[in-house]
Amino acid sequence: MAGYYPGMQDGDNRRPFTPGLLRGRAALVTGGGTGIGRGIALALAAHGAAVAITSRSADHLEPTRRELDLLGVRALAFAADVRDAAAVEAMVASVAEGLGGIDIVINGAAGNFVCRAEDLSPNGFGAVVDIDLKGTFHVCRAALPHLKRSRGVILNLSATLHYLGTAAQLHVSAAKAGVDALTRTLAVEWGPYGIRVNGIAPGPTEDTEGVRRLLAGEKRERARRLNPLRRLGTVEDVAAAALFLCSEAAAFINGVTLVVDGGQWLASHRVSGEP
Ligand code: HXC
């Protein structure tokens, strides 16, 4: 990863946030081994937070855990499938014990594949809803006692697919619409505990499994061309938004899902053609 922000190169010390932004905080990032989850985990660590990452696949975890270590923070990794509520309970307990509590929860674990609704099996639909929506619920639920103690923050990774009708993405659209509802409802229910619950909805993001699966070849160029900012998002774009929402700068922001897509979904009309 070149840097934590767009245009930032290795060794570049210009940063929008102070390096001590999250010093003393403990963060849990599901799906933290790869893609956007990894980028957020590294950004949290680069700003002082101790970080635990989880993934279904232990192979995805160790390289990122080592990168977190190199940033000089306490870094833990646990293999757990967010679909398994009991495994999530055990994982969250281990994280809280290992890090001395939990202040920040990032729900990044997600699944996706391209499949039209008429070809989608009940199990295919269920697999994505189980990972994205039920997994997010399982993690929030297990983390609640710890977040009550820390008056902490939850950040749920969503998408913009369900704002319009996105073909071949029924399963993900349904799951992420549910995630957005969960974000708003938990913000209302858990706000009185001092817990803020927000989301981020990235658009197509470079170097992620999502773009590899959804935007092969020419589709990717087209997405770049049609984005008002004439590029796809980067992991660093999303990580910067996560840092903001997890920090005290967002102390009064609760229940929002912040779109980080350069205006892509707003521009995806089908009436007047390409700009
Ligand atoms: C149709 C498919 C399919 C495909 C799987 N299935 N892939 N159906 N087309 N390409 C069906 C299977 O046939 C099966 O149903 C059911 O889904 C479960 O499949 P499994 O392979 O057994 O599931 P599992 O091993 O648990 O894998 C879960 C997964 C997989 C979601 C299917 O893709 C995965 O693990 N993904 C994790 C990584 C990932 O997707 N990252 C990208 C996230 S991107 P049957 O009926 O046959 O039993 C993202 C952002 C989106 O979330 C926004 C982008 C802009």
# chains A, B, ... in the order shown; residues from 1 in each chain; ligands from 1
call {"tool": "closest_atom_pairs", "arguments": {"of": "chain A", "to": "ligand 1", "cutoff": "8 Å", "atoms": "only C-alpha atoms and all ligand atoms", "output": "Markdown table"}}
result
| residue | atom | partner | partner_atom_place_in_ligand_line | distance |
| --- | --- | --- | --- | --- |
| A:Ala109 | CA | ligand 1 | 43 (C) | 7.7 |
| A:Ala110 | CA | ligand 1 | 52 (O) | 4.6 |
| A:Gly111 | CA | ligand 1 | 40 (O) | 3.4 |
| A:Asn112 | CA | ligand 1 | 40 (O) | 3.8 |
| A:Phe113 | CA | ligand 1 | 10 (N) | 4.8 |
| A:Val114 | CA | ligand 1 | 10 (N) | 5.6 |
| A:Cys115 | CA | ligand 1 | 9 (N) | 4.9 |
| A:Asp119 | CA | ligand 1 | 1 (C) | 6.8 |
| A:Leu120 | CA | ligand 1 | 1 (C) | 5.7 |
| A:Ser121 | CA | ligand 1 | 46 (O) | 4.6 |
| A:Pro122 | CA | ligand 1 | 46 (O) | 6.0 |
| A:Asn123 | CA | ligand 1 | 15 (O) | 4.4 |
| A:Gly124 | CA | ligand 1 | 17 (O) | 3.2 |
| A:Phe125 | CA | ligand 1 | 17 (O) | 6.8 |
| A:Gly126 | CA | ligand 1 | 16 (C) | 7.5 |
| A:Ala127 | CA | ligand 1 | 18 (C) | 5.3 |
| A:Val128 | CA | ligand 1 | 31 (C) | 5.2 |
| A:Ile131 | CA | ligand 1 | 31 (C) | 7.3 |
| A:Asp132 | CA | ligand 1 | 52 (O) | 7.5 |
| A:Ser158 | CA | ligand 1 | 50 (C) | 7.5 |
| A:Ala159 | CA | ligand 1 | 53 (C) | 5.3 |
| A:Thr160 | CA | ligand 1 | 55 (C) | 7.1 |
| A:Leu161 | CA | ligand 1 | 53 (C) | 6.6 |
| A:Val172 | CA | ligand 1 | 51 (C) | 6.8 |
| A:Pro202 | CA | ligand 1 | 55 (C) | 6.9 |
| A:Gly203 | CA | ligand 1 | 55 (C) | 5.1 |
| A:Pro204 | CA | ligand 1 | 55 (C) | 4.3 |
| A:Thr205 | CA | ligand 1 | 55 (C) | 7.0 |
| A:Thr208 | CA | ligand 1 | 42 (C) | 7.4 |
| A:Glu209 | CA | ligand 1 | 42 (C) | 4.7 |
| A:Gly210 | CA | ligand 1 | 44 (S) | 3.6 |
| A:Val211 | CA | ligand 1 | 54 (C) | 6.2 |
| A:Arg213 | CA | ligand 1 | 42 (C) | 7.2 |
| A:Leu214 | CA | ligand 1 | 54 (C) | 6.9 |
call {"tool": "residues_around", "arguments": {"residues": "Glu67 in chain A", "least_positions_apart": "2", "cutoff": "12 Å", "atoms": "only C-alpha atoms", "output": "number ranges by chain"}}
result
A: 1, 32-34, 38-39, 41-43, 45-46, 51, 53, 61-65, 69-77
call {"tool": "write_last_selection", "arguments": {"atoms": "N, CA, C and O atoms", "output": "mmCIF file, in the first residue's frame"}}
result
data_model
loop_
_atom_site.group_PDB
_atom_site.id
_atom_site.type_symbol
_atom_site.label_atom_id
_atom_site.label_comp_id
_atom_site.auth_asym_id
_atom_site.auth_seq_id
_atom_site.Cartn_x
_atom_site.Cartn_y
_atom_site.Cartn_z
ATOM 1 N N MET A 1 0.868 -1.190 0.000
ATOM 2 C CA MET A 1 0.000 0.000 0.000
ATOM 3 C C MET A 1 0.896 1.228 0.000
ATOM 4 O O MET A 1 1.818 1.349 0.813
ATOM 5 N N GLY A 32 -10.646 -8.047 8.074
ATOM 6 C CA GLY A 32 -9.505 -7.127 8.167
ATOM 7 C C GLY A 32 -8.237 -7.630 7.499
ATOM 8 O O GLY A 32 -7.236 -6.928 7.482
ATOM 9 N N GLY A 33 -8.269 -8.818 6.927
ATOM 10 C CA GLY A 33 -7.052 -9.360 6.317
ATOM 11 C C GLY A 33 -6.795 -8.847 4.914
ATOM 12 O O GLY A 33 -5.642 -8.796 4.465
ATOM 13 N N THR A 34 -7.856 -8.462 4.212
ATOM 14 C CA THR A 34 -7.708 -8.101 2.797
ATOM 15 C C THR A 34 -8.568 -6.880 2.449
ATOM 16 O O THR A 34 -9.482 -6.505 3.197
ATOM 17 N N ARG A 38 -8.606 -4.495 5.322
ATOM 18 C CA ARG A 38 -7.165 -4.383 5.599
ATOM 19 C C ARG A 38 -6.725 -2.921 5.602
ATOM 20 O O ARG A 38 -5.987 -2.478 6.490
ATOM 21 N N GLY A 39 -7.219 -2.170 4.620
ATOM 22 C CA GLY A 39 -6.845 -0.750 4.523
ATOM 23 C C GLY A 39 -7.291 0.025 5.752
ATOM 24 O O GLY A 39 -6.548 0.869 6.273
ATOM 25 N N ALA A 41 -7.894 -1.288 8.752
ATOM 26 C CA ALA A 41 -7.097 -1.776 9.894
ATOM 27 C C ALA A 41 -5.741 -1.075 9.929
ATOM 28 O O ALA A 41 -5.289 -0.612 10.988
ATOM 29 N N LEU A 42 -5.078 -0.960 8.772
ATOM 30 C CA LEU A 42 -3.764 -0.306 8.722
ATOM 31 C C LEU A 42 -3.874 1.174 9.059
ATOM 32 O O LEU A 42 -3.018 1.723 9.770
ATOM 33 N N ALA A 43 -4.929 1.824 8.570
ATOM 34 C CA ALA A 43 -5.097 3.257 8.850
ATOM 35 C C ALA A 43 -5.359 3.490 10.338
ATOM 36 O O ALA A 43 -4.822 4.428 10.936
ATOM 37 N N ALA A 45 -4.335 1.578 12.780
ATOM 38 C CA ALA A 45 -3.058 1.320 13.463
ATOM 39 C C ALA A 45 -2.077 2.466 13.246
ATOM 40 O O ALA A 45 -1.361 2.870 14.166
ATOM 41 N N ALA A 46 -2.065 3.008 12.020
ATOM 42 C CA ALA A 46 -1.155 4.130 11.727
ATOM 43 C C ALA A 46 -1.525 5.363 12.534
ATOM 44 O O ALA A 46 -0.733 6.301 12.633
ATOM 45 N N VAL A 51 -5.125 -3.072 17.141
ATOM 46 C CA VAL A 51 -6.079 -3.614 16.168
ATOM 47 C C VAL A 51 -6.111 -5.139 16.201
ATOM 48 O O VAL A 51 -5.064 -5.794 16.188
ATOM 49 N N ILE A 53 -7.742 -8.199 13.862
ATOM 50 C CA ILE A 53 -8.400 -8.479 12.587
ATOM 51 C C ILE A 53 -8.947 -9.902 12.596
ATOM 52 O O ILE A 53 -8.378 -10.788 13.237
ATOM 53 N N LEU A 61 -4.903 -13.663 7.190
ATOM 54 C CA LEU A 61 -4.693 -12.801 8.359
ATOM 55 C C LEU A 61 -3.228 -12.489 8.659
ATOM 56 O O LEU A 61 -2.889 -11.344 8.962
ATOM 57 N N GLU A 62 -2.371 -13.512 8.583
ATOM 58 C CA GLU A 62 -1.023 -13.342 9.121
ATOM 59 C C GLU A 62 -0.224 -12.246 8.395
ATOM 60 O O GLU A 62 0.431 -11.428 9.056
ATOM 61 N N PRO A 63 -0.274 -12.166 7.051
ATOM 62 C CA PRO A 63 0.494 -11.083 6.399
ATOM 63 C C PRO A 63 0.052 -9.690 6.871
ATOM 64 O O PRO A 63 0.890 -8.828 7.108
ATOM 65 N N THR A 64 -1.253 -9.508 7.044
ATOM 66 C CA THR A 64 -1.732 -8.188 7.488
ATOM 67 C C THR A 64 -1.391 -7.968 8.959
ATOM 68 O O THR A 64 -1.025 -6.856 9.355
ATOM 69 N N ARG A 65 -1.474 -9.018 9.757
ATOM 70 C CA ARG A 65 -1.107 -8.864 11.172
ATOM 71 C C ARG A 65 0.348 -8.415 11.302
ATOM 72 O O ARG A 65 0.674 -7.554 12.107
ATOM 73 N N ASP A 69 1.818 -5.037 13.002
ATOM 74 C CA ASP A 69 2.916 -5.108 13.977
ATOM 75 C C ASP A 69 3.982 -4.070 13.657
ATOM 76 O O ASP A 69 4.488 -3.390 14.544
ATOM 77 N N LEU A 70 4.308 -3.966 12.364
ATOM 78 C CA LEU A 70 5.370 -3.045 11.941
ATOM 79 C C LEU A 70 4.997 -1.588 12.211
ATOM 80 O O LEU A 70 5.864 -0.723 12.259
ATOM 81 N N LEU A 71 3.702 -1.333 12.377
ATOM 82 C CA LEU A 71 3.273 0.032 12.690
ATOM 83 C C LEU A 71 3.393 0.330 14.186
ATOM 84 O O LEU A 71 3.067 1.423 14.646
ATOM 85 N N GLY A 72 3.855 -0.669 14.944
ATOM 86 C CA GLY A 72 4.186 -0.425 16.344
ATOM 87 C C GLY A 72 3.013 -0.483 17.303
ATOM 88 O O GLY A 72 3.108 -0.007 18.429
ATOM 89 N N VAL A 73 1.900 -1.073 16.868
ATOM 90 C CA VAL A 73 0.743 -1.193 17.770
ATOM 91 C C VAL A 73 0.543 -2.667 18.124
ATOM 92 O O VAL A 73 1.093 -3.554 17.473
ATOM 93 N N ARG A 74 -0.258 -2.919 19.147
ATOM 94 C CA ARG A 74 -0.619 -4.300 19.459
ATOM 95 C C ARG A 74 -1.533 -4.806 18.349
ATOM 96 O O ARG A 74 -2.527 -4.144 18.001
ATOM 97 N N ALA A 75 -1.190 -5.954 17.788
ATOM 98 C CA ALA A 75 -1.942 -6.479 16.644
ATOM 99 C C ALA A 75 -2.266 -7.945 16.858
ATOM 100 O O ALA A 75 -1.370 -8.749 17.114
ATOM 101 N N LEU A 76 -3.546 -8.284 16.776
ATOM 102 C CA LEU A 76 -3.986 -9.665 16.977
ATOM 103 C C LEU A 76 -4.769 -10.128 15.760
ATOM 104 O O LEU A 76 -5.338 -9.303 15.030
ATOM 105 N N ALA A 77 -4.827 -11.445 15.564
ATOM 106 C CA ALA A 77 -5.601 -11.997 14.449
ATOM 107 C C ALA A 77 -6.327 -13.245 14.912
ATOM 108 O O ALA A 77 -5.746 -14.071 15.627
#
call {"tool": "residues_around", "arguments": {"residues": "range 177-191 of chain A", "least_positions_apart": "4", "cutoff": "8 Å", "atoms": "only C-alpha atoms", "output": "list in words"}}
result
Asp132, Leu133, Thr136, Phe137, Asn156, Ser158, His162, Ser173, Ile195, Arg196, Val197, Asn198, Gly199, Asn254, Gly255, Val256 and Thr257 of chain A
call {"tool": "residues_around", "arguments": {"residues": "Ile102 in chain A", "least_positions_apart": "3", "cutoff": "8 Å", "atoms": "only C-alpha atoms", "output": "list in words"}}
result
Arg25, Ala26, Ala27, Leu28, Val95, Ala96, Leu99, Val105, Ala143, His146, Leu147, Ser150 and Gly152 of chain A
call {"tool": "closest_residue", "arguments": {"among": "A:Arg151, A:Gln264, A:Ala52, A:Ala175", "to": "Glu97 in chain A", "atoms": "only C-alpha atoms"}}
result
A:Ala52
call {"tool": "decode", "arguments": {"residues": "range 79-106 of chain A", "atoms": "N, CA, C and O atoms", "output": "PDB file, in the first residue's frame"}}
result
ATOM      1  N   ALA A  79      -9.104 -16.266  13.378  1.00  0.00           N
ATOM      2  CA  ALA A  79      -9.937 -16.804  12.302  1.00  0.00           C
ATOM      3  C   ALA A  79     -11.325 -17.079  12.869  1.00  0.00           C
ATOM      4  O   ALA A  79     -11.462 -17.752  13.894  1.00  0.00           O
ATOM      5  N   ALA A  80     -12.343 -16.517  12.251  1.00  0.00           N
ATOM      6  CA  ALA A  80     -13.726 -16.771  12.693  1.00  0.00           C
ATOM      7  C   ALA A  80     -14.661 -16.444  11.535  1.00  0.00           C
ATOM      8  O   ALA A  80     -14.431 -15.497  10.777  1.00  0.00           O
ATOM      9  N   ASP A  81     -15.709 -17.232  11.398  1.00  0.00           N
ATOM     10  CA  ASP A  81     -16.721 -16.991  10.362  1.00  0.00           C
ATOM     11  C   ASP A  81     -17.844 -16.180  11.008  1.00  0.00           C
ATOM     12  O   ASP A  81     -18.477 -16.655  11.969  1.00  0.00           O
ATOM     13  N   VAL A  82     -18.100 -14.981  10.488  1.00  0.00           N
ATOM     14  CA  VAL A  82     -19.111 -14.111  11.117  1.00  0.00           C
ATOM     15  C   VAL A  82     -20.519 -14.714  11.043  1.00  0.00           C
ATOM     16  O   VAL A  82     -21.419 -14.262  11.736  1.00  0.00           O
ATOM     17  N   ARG A  83     -20.690 -15.737  10.192  1.00  0.00           N
ATOM     18  CA  ARG A  83     -22.011 -16.394  10.107  1.00  0.00           C
ATOM     19  C   ARG A  83     -22.308 -17.232  11.340  1.00  0.00           C
ATOM     20  O   ARG A  83     -23.461 -17.589  11.593  1.00  0.00           O
ATOM     21  N   ASP A  84     -21.273 -17.585  12.070  1.00  0.00           N
ATOM     22  CA  ASP A  84     -21.397 -18.492  13.219  1.00  0.00           C
ATOM     23  C   ASP A  84     -21.444 -17.644  14.501  1.00  0.00           C
ATOM     24  O   ASP A  84     -20.413 -17.169  14.991  1.00  0.00           O
ATOM     25  N   ALA A  85     -22.663 -17.461  15.040  1.00  0.00           N
ATOM     26  CA  ALA A  85     -22.841 -16.552  16.181  1.00  0.00           C
ATOM     27  C   ALA A  85     -21.998 -16.973  17.383  1.00  0.00           C
ATOM     28  O   ALA A  85     -21.426 -16.129  18.083  1.00  0.00           O
ATOM     29  N   ALA A  86     -21.890 -18.289  17.617  1.00  0.00           N
ATOM     30  CA  ALA A  86     -21.120 -18.756  18.769  1.00  0.00           C
ATOM     31  C   ALA A  86     -19.628 -18.480  18.569  1.00  0.00           C
ATOM     32  O   ALA A  86     -18.926 -18.049  19.503  1.00  0.00           O
ATOM     33  N   ALA A  87     -19.151 -18.691  17.336  1.00  0.00           N
ATOM     34  CA  ALA A  87     -17.738 -18.407  17.044  1.00  0.00           C
ATOM     35  C   ALA A  87     -17.457 -16.912  17.192  1.00  0.00           C
ATOM     36  O   ALA A  87     -16.382 -16.510  17.660  1.00  0.00           O
ATOM     37  N   VAL A  88     -18.428 -16.081  16.811  1.00  0.00           N
ATOM     38  CA  VAL A  88     -18.263 -14.631  16.937  1.00  0.00           C
ATOM     39  C   VAL A  88     -18.185 -14.229  18.414  1.00  0.00           C
ATOM     40  O   VAL A  88     -17.332 -13.431  18.810  1.00  0.00           O
ATOM     41  N   GLU A  89     -19.054 -14.823  19.241  1.00  0.00           N
ATOM     42  CA  GLU A  89     -19.017 -14.549  20.704  1.00  0.00           C
ATOM     43  C   GLU A  89     -17.619 -14.838  21.246  1.00  0.00           C
ATOM     44  O   GLU A  89     -17.047 -14.036  21.983  1.00  0.00           O
ATOM     45  N   ALA A  90     -17.093 -16.023  20.898  1.00  0.00           N
ATOM     46  CA  ALA A  90     -15.783 -16.438  21.408  1.00  0.00           C
ATOM     47  C   ALA A  90     -14.685 -15.512  20.887  1.00  0.00           C
ATOM     48  O   ALA A  90     -13.788 -15.104  21.638  1.00  0.00           O
ATOM     49  N   MET A  91     -14.767 -15.152  19.596  1.00  0.00           N
ATOM     50  CA  MET A  91     -13.749 -14.286  18.996  1.00  0.00           C
ATOM     51  C   MET A  91     -13.768 -12.903  19.666  1.00  0.00           C
ATOM     52  O   MET A  91     -12.727 -12.354  20.027  1.00  0.00           O
ATOM     53  N   VAL A  92     -14.964 -12.344  19.871  1.00  0.00           N
ATOM     54  CA  VAL A  92     -15.067 -11.011  20.477  1.00  0.00           C
ATOM     55  C   VAL A  92     -14.522 -11.034  21.912  1.00  0.00           C
ATOM     56  O   VAL A  92     -13.807 -10.126  22.340  1.00  0.00           O
ATOM     57  N   ALA A  93     -14.805 -12.120  22.636  1.00  0.00           N
ATOM     58  CA  ALA A  93     -14.271 -12.241  24.008  1.00  0.00           C
ATOM     59  C   ALA A  93     -12.738 -12.277  23.974  1.00  0.00           C
ATOM     60  O   ALA A  93     -12.074 -11.629  24.797  1.00  0.00           O
ATOM     61  N   SER A  94     -12.171 -13.009  23.021  1.00  0.00           N
ATOM     62  CA  SER A  94     -10.699 -13.084  22.911  1.00  0.00           C
ATOM     63  C   SER A  94     -10.101 -11.725  22.557  1.00  0.00           C
ATOM     64  O   SER A  94      -9.044 -11.344  23.069  1.00  0.00           O
ATOM     65  N   VAL A  95     -10.779 -11.006  21.660  1.00  0.00           N
ATOM     66  CA  VAL A  95     -10.282  -9.681  21.267  1.00  0.00           C
ATOM     67  C   VAL A  95     -10.301  -8.747  22.473  1.00  0.00           C
ATOM     68  O   VAL A  95      -9.321  -8.044  22.756  1.00  0.00           O
ATOM     69  N   ALA A  96     -11.415  -8.755  23.200  1.00  0.00           N
ATOM     70  CA  ALA A  96     -11.541  -7.853  24.358  1.00  0.00           C
ATOM     71  C   ALA A  96     -10.478  -8.182  25.403  1.00  0.00           C
ATOM     72  O   ALA A  96      -9.880  -7.283  26.003  1.00  0.00           O
ATOM     73  N   GLU A  97     -10.230  -9.471  25.586  1.00  0.00           N
ATOM     74  CA  GLU A  97      -9.212  -9.872  26.560  1.00  0.00           C
ATOM     75  C   GLU A  97      -7.812  -9.478  26.067  1.00  0.00           C
ATOM     76  O   GLU A  97      -7.013  -8.907  26.802  1.00  0.00           O
ATOM     77  N   GLY A  98      -7.569  -9.735  24.798  1.00  0.00           N
ATOM     78  CA  GLY A  98      -6.237  -9.473  24.231  1.00  0.00           C
ATOM     79  C   GLY A  98      -5.902  -7.997  24.140  1.00  0.00           C
ATOM     80  O   GLY A  98      -4.743  -7.605  24.288  1.00  0.00           O
ATOM     81  N   LEU A  99      -6.908  -7.180  23.877  1.00  0.00           N
ATOM     82  CA  LEU A  99      -6.643  -5.742  23.705  1.00  0.00           C
ATOM     83  C   LEU A  99      -7.047  -4.924  24.940  1.00  0.00           C
ATOM     84  O   LEU A  99      -6.902  -3.705  24.956  1.00  0.00           O
ATOM     85  N   GLY A 100      -7.617  -5.588  25.948  1.00  0.00           N
ATOM     86  CA  GLY A 100      -8.033  -4.869  27.154  1.00  0.00           C
ATOM     87  C   GLY A 100      -9.324  -4.085  26.964  1.00  0.00           C
ATOM     88  O   GLY A 100      -9.569  -3.094  27.657  1.00  0.00           O
ATOM     89  N   GLY A 101     -10.164  -4.515  26.031  1.00  0.00           N
ATOM     90  CA  GLY A 101     -11.444  -3.840  25.776  1.00  0.00           C
ATOM     91  C   GLY A 101     -11.622  -3.635  24.287  1.00  0.00           C
ATOM     92  O   GLY A 101     -10.755  -4.032  23.490  1.00  0.00           O
ATOM     93  N   ILE A 102     -12.763  -3.072  23.917  1.00  0.00           N
ATOM     94  CA  ILE A 102     -13.014  -2.766  22.498  1.00  0.00           C
ATOM     95  C   ILE A 102     -13.673  -1.387  22.425  1.00  0.00           C
ATOM     96  O   ILE A 102     -14.697  -1.139  23.057  1.00  0.00           O
ATOM     97  N   ASP A 103     -13.044  -0.478  21.659  1.00  0.00           N
ATOM     98  CA  ASP A 103     -13.592   0.872  21.469  1.00  0.00           C
ATOM     99  C   ASP A 103     -14.216   1.053  20.092  1.00  0.00           C
ATOM    100  O   ASP A 103     -15.083   1.913  19.911  1.00  0.00           O
ATOM    101  N   ILE A 104     -13.709   0.310  19.119  1.00  0.00           N
ATOM    102  CA  ILE A 104     -14.111   0.521  17.720  1.00  0.00           C
ATOM    103  C   ILE A 104     -14.396  -0.842  17.093  1.00  0.00           C
ATOM    104  O   ILE A 104     -13.575  -1.760  17.225  1.00  0.00           O
ATOM    105  N   VAL A 105     -15.542  -0.971  16.440  1.00  0.00           N
ATOM    106  CA  VAL A 105     -15.856  -2.196  15.687  1.00  0.00           C
ATOM    107  C   VAL A 105     -16.095  -1.818  14.230  1.00  0.00           C
ATOM    108  O   VAL A 105     -16.943  -0.968  13.936  1.00  0.00           O
ATOM    109  N   ILE A 106     -15.339  -2.418  13.342  1.00  0.00           N
ATOM    110  CA  ILE A 106     -15.533  -2.205  11.905  1.00  0.00           C
ATOM    111  C   ILE A 106     -16.077  -3.513  11.326  1.00  0.00           C
ATOM    112  O   ILE A 106     -15.391  -4.546  11.354  1.00  0.00           O
TER     113      ILE A 106
END
